[in-house]
>>> print(open('my_file-v2.pdb').read())   # PDB, N, CA and C atoms
ATOM      1  N   MET A  15       0.831  -1.182   0.000  1.00  0.00           N
ATOM      2  CA  MET A  15       0.000   0.000   0.000  1.00  0.00           C
ATOM      3  C   MET A  15       0.881   1.254   0.000  1.00  0.00           C
ATOM      4  N   LYS A  16       0.468   2.228  -0.743  1.00  0.00           N
ATOM      5  CA  LYS A  16       1.226   3.470  -0.874  1.00  0.00           C
ATOM      6  C   LYS A  16       0.918   4.414   0.293  1.00  0.00           C
ATOM      7  N   LEU A  17       1.960   5.081   0.785  1.00  0.00           N
ATOM      8  CA  LEU A  17       1.766   6.036   1.879  1.00  0.00           C
ATOM      9  C   LEU A  17       0.958   7.242   1.397  1.00  0.00           C
ATOM     10  N   PRO A  18       0.039   7.714   2.226  1.00  0.00           N
ATOM     11  CA  PRO A  18      -0.772   8.879   1.844  1.00  0.00           C
ATOM     12  C   PRO A  18       0.004  10.178   2.018  1.00  0.00           C
ATOM     13  N   ILE A  19      -0.471  11.220   1.396  1.00  0.00           N
ATOM     14  CA  ILE A  19       0.080  12.558   1.605  1.00  0.00           C
ATOM     15  C   ILE A  19      -0.683  13.149   2.785  1.00  0.00           C
ATOM     16  N   LEU A  20       0.048  13.467   3.846  1.00  0.00           N
ATOM     17  CA  LEU A  20      -0.574  13.975   5.068  1.00  0.00           C
ATOM     18  C   LEU A  20       0.002  15.327   5.444  1.00  0.00           C
ATOM     19  N   SER A  21      -0.827  16.134   6.080  1.00  0.00           N
ATOM     20  CA  SER A  21      -0.330  17.393   6.653  1.00  0.00           C
ATOM     21  C   SER A  21       0.246  17.062   8.028  1.00  0.00           C
ATOM     22  N   GLY A  22       1.015  17.977   8.566  1.00  0.00           N
ATOM     23  CA  GLY A  22       1.572  17.790   9.902  1.00  0.00           C
ATOM     24  C   GLY A  22       0.476  17.638  10.942  1.00  0.00           C
ATOM     25  N   ARG A  23      -0.581  18.443  10.832  1.00  0.00           N
ATOM     26  CA  ARG A  23      -1.705  18.385  11.788  1.00  0.00           C
ATOM     27  C   ARG A  23      -2.414  17.033  11.747  1.00  0.00           C
ATOM     28  N   LYS A  24      -2.624  16.502  10.537  1.00  0.00           N
ATOM     29  CA  LYS A  24      -3.296  15.200  10.384  1.00  0.00           C
ATOM     30  C   LYS A  24      -2.427  14.097  10.995  1.00  0.00           C
ATOM     31  N   LEU A  25      -1.118  14.176  10.780  1.00  0.00           N
ATOM     32  CA  LEU A  25      -0.193  13.192  11.341  1.00  0.00           C
ATOM     33  C   LEU A  25      -0.208  13.249  12.872  1.00  0.00           C
ATOM     34  N   ILE A  26      -0.261  14.451  13.428  1.00  0.00           N
ATOM     35  CA  ILE A  26      -0.317  14.608  14.890  1.00  0.00           C
ATOM     36  C   ILE A  26      -1.600  13.985  15.439  1.00  0.00           C
ATOM     37  N   LYS A  27      -2.710  14.174  14.736  1.00  0.00           N
ATOM     38  CA  LYS A  27      -3.988  13.575  15.143  1.00  0.00           C
ATOM     39  C   LYS A  27      -3.876  12.051  15.225  1.00  0.00           C
ATOM     40  N   ILE A  28      -3.195  11.471  14.241  1.00  0.00           N
ATOM     41  CA  ILE A  28      -3.000  10.014  14.203  1.00  0.00           C
ATOM     42  C   ILE A  28      -2.116   9.573  15.376  1.00  0.00           C
ATOM     43  N   LEU A  29      -1.039  10.306  15.629  1.00  0.00           N
ATOM     44  CA  LEU A  29      -0.110   9.944  16.709  1.00  0.00           C
ATOM     45  C   LEU A  29      -0.762  10.095  18.083  1.00  0.00           C
ATOM     46  N   LYS A  30      -1.701  11.025  18.219  1.00  0.00           N
ATOM     47  CA  LYS A  30      -2.418  11.189  19.486  1.00  0.00           C
ATOM     48  C   LYS A  30      -3.271   9.962  19.798  1.00  0.00           C
ATOM     49  N   LYS A  31      -3.717   9.256  18.765  1.00  0.00           N
ATOM     50  CA  LYS A  31      -4.516   8.038  18.963  1.00  0.00           C
ATOM     51  C   LYS A  31      -3.732   6.963  19.709  1.00  0.00           C
ATOM     52  N   ILE A  32      -2.396   6.989  19.580  1.00  0.00           N
ATOM     53  CA  ILE A  32      -1.576   5.977  20.260  1.00  0.00           C
ATOM     54  C   ILE A  32      -0.870   6.542  21.495  1.00  0.00           C
ATOM     55  N   GLY A  33      -1.318   7.701  21.957  1.00  0.00           N
ATOM     56  CA  GLY A  33      -0.848   8.210  23.241  1.00  0.00           C
ATOM     57  C   GLY A  33       0.167   9.338  23.221  1.00  0.00           C
ATOM     58  N   PHE A  34       0.565   9.813  22.060  1.00  0.00           N
ATOM     59  CA  PHE A  34       1.502  10.942  22.021  1.00  0.00           C
ATOM     60  C   PHE A  34       0.760  12.230  22.351  1.00  0.00           C
ATOM     61  N   LYS A  35       1.472  13.139  23.019  1.00  0.00           N
ATOM     62  CA  LYS A  35       0.893  14.435  23.393  1.00  0.00           C
ATOM     63  C   LYS A  35       1.817  15.545  22.918  1.00  0.00           C
ATOM     64  N   GLU A  36       1.204  16.657  22.496  1.00  0.00           N
ATOM     65  CA  GLU A  36       1.996  17.828  22.114  1.00  0.00           C
ATOM     66  C   GLU A  36       2.592  18.439  23.374  1.00  0.00           C
ATOM     67  N   VAL A  37       3.904  18.717  23.338  1.00  0.00           N
ATOM     68  CA  VAL A  37       4.535  19.314  24.515  1.00  0.00           C
ATOM     69  C   VAL A  37       5.031  20.727  24.243  1.00  0.00           C
ATOM     70  N   ARG A  38       5.477  20.998  23.015  1.00  0.00           N
ATOM     71  CA  ARG A  38       5.913  22.352  22.688  1.00  0.00           C
ATOM     72  C   ARG A  38       6.047  22.509  21.185  1.00  0.00           C
ATOM     73  N   GLN A  39       6.297  23.740  20.783  1.00  0.00           N
ATOM     74  CA  GLN A  39       6.480  24.036  19.365  1.00  0.00           C
ATOM     75  C   GLN A  39       7.609  25.039  19.215  1.00  0.00           C
ATOM     76  N   LYS A  40       8.430  24.824  18.206  1.00  0.00           N
ATOM     77  CA  LYS A  40       9.495  25.774  17.895  1.00  0.00           C
ATOM     78  C   LYS A  40       9.424  26.022  16.395  1.00  0.00           C
ATOM     79  N   GLY A  41       9.002  27.228  16.029  1.00  0.00           N
ATOM     80  CA  GLY A  41       8.820  27.529  14.611  1.00  0.00           C
ATOM     81  C   GLY A  41       7.716  26.655  14.041  1.00  0.00           C
ATOM     82  N   SER A  42       8.029  25.946  12.960  1.00  0.00           N
ATOM     83  CA  SER A  42       7.009  25.106  12.336  1.00  0.00           C
ATOM     84  C   SER A  42       7.130  23.640  12.756  1.00  0.00           C
ATOM     85  N   HIS A  43       7.893  23.363  13.824  1.00  0.00           N
ATOM     86  CA  HIS A  43       8.057  21.986  14.283  1.00  0.00           C
ATOM     87  C   HIS A  43       7.384  21.783  15.628  1.00  0.00           C
ATOM     88  N   ILE A  44       6.579  20.743  15.697  1.00  0.00           N
ATOM     89  CA  ILE A  44       5.821  20.433  16.903  1.00  0.00           C
ATOM     90  C   ILE A  44       6.445  19.202  17.554  1.00  0.00           C
ATOM     91  N   PHE A  45       6.734  19.310  18.850  1.00  0.00           N
ATOM     92  CA  PHE A  45       7.361  18.232  19.593  1.00  0.00           C
ATOM     93  C   PHE A  45       6.285  17.445  20.337  1.00  0.00           C
ATOM     94  N   LEU A  46       6.326  16.122  20.187  1.00  0.00           N
ATOM     95  CA  LEU A  46       5.372  15.237  20.841  1.00  0.00           C
ATOM     96  C   LEU A  46       6.130  14.296  21.769  1.00  0.00           C
ATOM     97  N   GLU A  47       5.475  13.872  22.843  1.00  0.00           N
ATOM     98  CA  GLU A  47       6.072  12.911  23.762  1.00  0.00           C
ATOM     99  C   GLU A  47       5.050  11.874  24.177  1.00  0.00           C
ATOM    100  N   LYS A  48       5.596  10.699  24.530  1.00  0.00           N
ATOM    101  CA  LYS A  48       4.782   9.603  25.046  1.00  0.00           C
ATOM    102  C   LYS A  48       5.646   8.861  26.050  1.00  0.00           C
ATOM    103  N   GLU A  49       5.060   8.490  27.173  1.00  0.00           N
ATOM    104  CA  GLU A  49       5.819   7.741  28.166  1.00  0.00           C
ATOM    105  C   GLU A  49       5.578   6.250  27.962  1.00  0.00           C
ATOM    106  N   ILE A  50       6.673   5.517  27.776  1.00  0.00           N
ATOM    107  CA  ILE A  50       6.605   4.067  27.570  1.00  0.00           C
ATOM    108  C   ILE A  50       7.527   3.414  28.589  1.00  0.00           C
ATOM    109  N   GLU A  51       6.941   2.600  29.461  1.00  0.00           N
ATOM    110  CA  GLU A  51       7.697   1.885  30.497  1.00  0.00           C
ATOM    111  C   GLU A  51       8.623   2.825  31.270  1.00  0.00           C
ATOM    112  N   GLY A  52       8.104   3.961  31.693  1.00  0.00           N
ATOM    113  CA  GLY A  52       8.864   4.915  32.483  1.00  0.00           C
ATOM    114  C   GLY A  52       9.868   5.742  31.694  1.00  0.00           C
ATOM    115  N   GLU A  53       9.925   5.534  30.403  1.00  0.00           N
ATOM    116  CA  GLU A  53      10.843   6.267  29.533  1.00  0.00           C
ATOM    117  C   GLU A  53      10.054   7.179  28.606  1.00  0.00           C
ATOM    118  N   ARG A  54      10.568   8.382  28.396  1.00  0.00           N
ATOM    119  CA  ARG A  54       9.900   9.308  27.475  1.00  0.00           C
ATOM    120  C   ARG A  54      10.406   9.100  26.057  1.00  0.00           C
ATOM    121  N   LYS A  55       9.472   8.972  25.153  1.00  0.00           N
ATOM    122  CA  LYS A  55       9.817   8.841  23.737  1.00  0.00           C
ATOM    123  C   LYS A  55       9.352  10.120  23.051  1.00  0.00           C
ATOM    124  N   GLY A  56      10.240  10.781  22.332  1.00  0.00           N
ATOM    125  CA  GLY A  56       9.901  12.042  21.693  1.00  0.00           C
ATOM    126  C   GLY A  56       9.921  11.964  20.181  1.00  0.00           C
ATOM    127  N   LEU A  57       9.074  12.760  19.571  1.00  0.00           N
ATOM    128  CA  LEU A  57       8.991  12.867  18.115  1.00  0.00           C
ATOM    129  C   LEU A  57       8.898  14.339  17.742  1.00  0.00           C
ATOM    130  N   VAL A  58       9.388  14.660  16.565  1.00  0.00           N
ATOM    131  CA  VAL A  58       9.258  16.014  16.038  1.00  0.00           C
ATOM    132  C   VAL A  58       8.500  15.913  14.718  1.00  0.00           C
ATOM    133  N   VAL A  59       7.390  16.649  14.625  1.00  0.00           N
ATOM    134  CA  VAL A  59       6.567  16.632  13.416  1.00  0.00           C
ATOM    135  C   VAL A  59       6.564  18.033  12.805  1.00  0.00           C
ATOM    136  N   PRO A  60       6.941  18.133  11.527  1.00  0.00           N
ATOM    137  CA  PRO A  60       6.882  19.446  10.881  1.00  0.00           C
ATOM    138  C   PRO A  60       5.429  19.833  10.622  1.00  0.00           C
ATOM    139  N   ASN A  61       5.059  21.045  10.967  1.00  0.00           N
ATOM    140  CA  ASN A  61       3.680  21.503  10.759  1.00  0.00           C
ATOM    141  C   ASN A  61       3.569  22.102   9.348  1.00  0.00           C
ATOM    142  N   HIS A  62       3.674  21.231   8.363  1.00  0.00           N
ATOM    143  CA  HIS A  62       3.616  21.642   6.963  1.00  0.00           C
ATOM    144  C   HIS A  62       2.332  21.124   6.322  1.00  0.00           C
ATOM    145  N   LYS A  63       1.977  21.689   5.175  1.00  0.00           N
ATOM    146  CA  LYS A  63       0.792  21.217   4.448  1.00  0.00           C
ATOM    147  C   LYS A  63       0.972  19.779   3.991  1.00  0.00           C
ATOM    148  N   GLU A  64       2.206  19.441   3.599  1.00  0.00           N
ATOM    149  CA  GLU A  64       2.531  18.071   3.187  1.00  0.00           C
ATOM    150  C   GLU A  64       3.835  17.656   3.855  1.00  0.00           C
ATOM    151  N   VAL A  65       3.785  16.527   4.578  1.00  0.00           N
ATOM    152  CA  VAL A  65       4.993  15.978   5.190  1.00  0.00           C
ATOM    153  C   VAL A  65       5.672  15.117   4.132  1.00  0.00           C
ATOM    154  N   ASP A  66       6.973  15.340   3.919  1.00  0.00           N
ATOM    155  CA  ASP A  66       7.725  14.558   2.931  1.00  0.00           C
ATOM    156  C   ASP A  66       7.625  13.068   3.236  1.00  0.00           C
ATOM    157  N   LYS A  67       7.674  12.260   2.174  1.00  0.00           N
ATOM    158  CA  LYS A  67       7.537  10.819   2.322  1.00  0.00           C
ATOM    159  C   LYS A  67       8.614  10.238   3.244  1.00  0.00           C
ATOM    160  N   GLY A  68       9.873  10.649   3.059  1.00  0.00           N
ATOM    161  CA  GLY A  68      10.966  10.146   3.897  1.00  0.00           C
ATOM    162  C   GLY A  68      10.788  10.525   5.354  1.00  0.00           C
ATOM    163  N   THR A  69      10.315  11.743   5.596  1.00  0.00           N
ATOM    164  CA  THR A  69      10.056  12.213   6.958  1.00  0.00           C
ATOM    165  C   THR A  69       8.934  11.398   7.583  1.00  0.00           C
ATOM    166  N   LEU A  70       7.891  11.137   6.818  1.00  0.00           N
ATOM    167  CA  LEU A  70       6.755  10.347   7.300  1.00  0.00           C
ATOM    168  C   LEU A  70       7.206   8.933   7.671  1.00  0.00           C
ATOM    169  N   ILE A  71       7.998   8.311   6.823  1.00  0.00           N
ATOM    170  CA  ILE A  71       8.501   6.957   7.094  1.00  0.00           C
ATOM    171  C   ILE A  71       9.309   6.947   8.393  1.00  0.00           C
ATOM    172  N   GLU A  72      10.163   7.947   8.574  1.00  0.00           N
ATOM    173  CA  GLU A  72      11.001   8.029   9.770  1.00  0.00           C
ATOM    174  C   GLU A  72      10.161   8.263  11.029  1.00  0.00           C
ATOM    175  N   ILE A  73       9.138   9.105  10.949  1.00  0.00           N
ATOM    176  CA  ILE A  73       8.263   9.355  12.103  1.00  0.00           C
ATOM    177  C   ILE A  73       7.510   8.077  12.485  1.00  0.00           C
ATOM    178  N   ILE A  74       7.035   7.337  11.484  1.00  0.00           N
ATOM    179  CA  ILE A  74       6.341   6.064  11.740  1.00  0.00           C
ATOM    180  C   ILE A  74       7.290   5.104  12.464  1.00  0.00           C
ATOM    181  N   ARG A  75       8.530   5.042  11.987  1.00  0.00           N
ATOM    182  CA  ARG A  75       9.528   4.152  12.595  1.00  0.00           C
ATOM    183  C   ARG A  75       9.827   4.575  14.035  1.00  0.00           C
ATOM    184  N   GLN A  76      10.041   5.877  14.249  1.00  0.00           N
ATOM    185  CA  GLN A  76      10.358   6.381  15.585  1.00  0.00           C
ATOM    186  C   GLN A  76       9.194   6.187  16.555  1.00  0.00           C
ATOM    187  N   ALA A  77       7.982   6.198  16.042  1.00  0.00           N
ATOM    188  CA  ALA A  77       6.800   5.998  16.891  1.00  0.00           C
ATOM    189  C   ALA A  77       6.640   4.528  17.280  1.00  0.00           C
ATOM    190  N   GLY A  78       7.438   3.663  16.671  1.00  0.00           N
ATOM    191  CA  GLY A  78       7.380   2.237  17.000  1.00  0.00           C
ATOM    192  C   GLY A  78       6.247   1.512  16.304  1.00  0.00           C
ATOM    193  N   LEU A  79       5.793   2.070  15.192  1.00  0.00           N
ATOM    194  CA  LEU A  79       4.684   1.470  14.441  1.00  0.00           C
ATOM    195  C   LEU A  79       5.188   0.693  13.237  1.00  0.00           C
ATOM    196  N   LYS A  80       4.466  -0.361  12.923  1.00  0.00           N
ATOM    197  CA  LYS A  80       4.699  -1.066  11.664  1.00  0.00           C
ATOM    198  C   LYS A  80       3.801  -0.379  10.638  1.00  0.00           C
ATOM    199  N   ARG A  81       4.127  -0.531   9.373  1.00  0.00           N
ATOM    200  CA  ARG A  81       3.374   0.158   8.322  1.00  0.00           C
ATOM    201  C   ARG A  81       1.890  -0.208   8.348  1.00  0.00           C
ATOM    202  N   ASN A  82       1.588  -1.509   8.514  1.00  0.00           N
ATOM    203  CA  ASN A  82       0.176  -1.932   8.534  1.00  0.00           C
ATOM    204  C   ASN A  82      -0.560  -1.368   9.757  1.00  0.00           C
ATOM    205  N   GLU A  83       0.134  -1.200  10.897  1.00  0.00           N
ATOM    206  CA  GLU A  83      -0.484  -0.587  12.081  1.00  0.00           C
ATOM    207  C   GLU A  83      -0.817   0.877  11.791  1.00  0.00           C
ATOM    208  N   PHE A  84       0.088   1.550  11.077  1.00  0.00           N
ATOM    209  CA  PHE A  84      -0.129   2.946  10.723  1.00  0.00           C
ATOM    210  C   PHE A  84      -1.362   3.088   9.828  1.00  0.00           C
ATOM    211  N   PHE A  85      -1.502   2.190   8.845  1.00  0.00           N
ATOM    212  CA  PHE A  85      -2.656   2.260   7.935  1.00  0.00           C
ATOM    213  C   PHE A  85      -3.978   2.034   8.679  1.00  0.00           C
ATOM    214  N   LYS A  86      -3.955   1.186   9.712  1.00  0.00           N
ATOM    215  CA  LYS A  86      -5.175   0.973  10.509  1.00  0.00           C
ATOM    216  C   LYS A  86      -5.569   2.247  11.251  1.00  0.00           C
ATOM    217  N   LEU A  87      -4.571   3.030  11.686  1.00  0.00           N
ATOM    218  CA  LEU A  87      -4.840   4.276  12.405  1.00  0.00           C
ATOM    219  C   LEU A  87      -5.410   5.362  11.489  1.00  0.00           C
ATOM    220  N   LEU A  88      -5.182   5.233  10.193  1.00  0.00           N
ATOM    221  CA  LEU A  88      -5.684   6.229   9.233  1.00  0.00           C
ATOM    222  C   LEU A  88      -7.207   6.231   9.136  1.00  0.00           C
ATOM    223  N   LYS A  89      -7.819   5.115   9.460  1.00  0.00           N
ATOM    224  CA  LYS A  89      -9.270   4.973   9.298  1.00  0.00           C
ATOM    225  C   LYS A  89     -10.036   5.689  10.374  1.00  0.00           C
TER     226      LYS A  89
END
>>> encode(input="my_file-v2.pdb", output="structure tokens")
Amino acid sequence: MKLPILSGRKLIKILKKIGFKEVRQKGSHIFLEKEIEGERKGLVVPNHKEVDKGTLIEIIRQAGLKRNEFFKLLK
């Protein structure tokens, strides 16, 4: 399945479904955090109209998601 074109806001909405929370913003980059087993996991999402494909793949990987899990969250 081909990755969709997503805005930064839409991607943040998806990541919030799995427990990430917005913690701060610097310029056009939004920082998200999630606590997993007492450890904080952080992500940076660009608040752009379209997130580049490579950036999207890396954010999915850093979030600990498999591609098929990500597609289920899109629905």
>>> resolve_selection(input="my_file-v2.pdb", expression="the PyMOL selection byres ((chain A and resi 35) around 5)", output="ChimeraX atom specification")
/A:33-34,36-37,46-47
>>> select_by_dssp(input="my_file-v2.pdb", residues="chain A", states="strand (DSSP E)", output="list in words")
Lys35, Glu36, Val37, Arg38, Gln39, Lys40, His43, Ile44, Phe45, Leu46, Glu47, Lys48, Glu49, Ile50, Glu53, Arg54, Lys55, Gly56, Leu57, Val58, Val59 and Pro60 of chain A
>>> atom_distance(input="my_file-v2.pdb", atom1="atom C of A:Arg38", atom2="atom CA of A:Lys16")
29.5 Å
>>> residues_around(input="my_file-v2.pdb", residues="stretch 85-89 of chain A", least_positions_apart="2", cutoff="12 Å", atoms="only C-alpha atoms", output="PyMOL selection string")
chain A and resi 15-20+24-32+74+79-83
>>> select_by_dssp(input="my_file-v2.pdb", residues="stretch 19-88 of chain A", states="alpha helix (DSSP H)", output="list in words")
Gly22, Arg23, Lys24, Leu25, Ile26, Lys27, Ile28, Leu29, Lys30, Lys31, Lys67, Gly68, Thr69, Leu70, Ile71, Glu72, Ile73, Ile74, Arg75, Gln76, Arg81, Asn82, Glu83, Phe84, Phe85, Lys86, Leu87 and Leu88 of chain A
>>> closest_residue(input="my_file-v2.pdb", among="A:Pro60, A:Gly68, A:Gly78, A:Gly22", to="A:Ser42", atoms="all atoms listed in the file")
A:Pro60
>>> atom_distance(input="my_file-v2.pdb", atom1="atom CA of A:Gly41", atom2="atom C of A:Asp66")
18.4 Å
>>> resolve_selection(input="my_file-v2.pdb", expression="the PyMOL selection byres ((chain A and resi 63) around 5)", output="PyMOL selection string")
chain A and resi 20-22+61-62+64-65
>>> closest_residue(input="my_file-v2.pdb", among="A:Leu57, A:Arg23, A:Gln39, A:Ile44", to="A:Ala77", atoms="only N, CA and C atoms")
A:Leu57
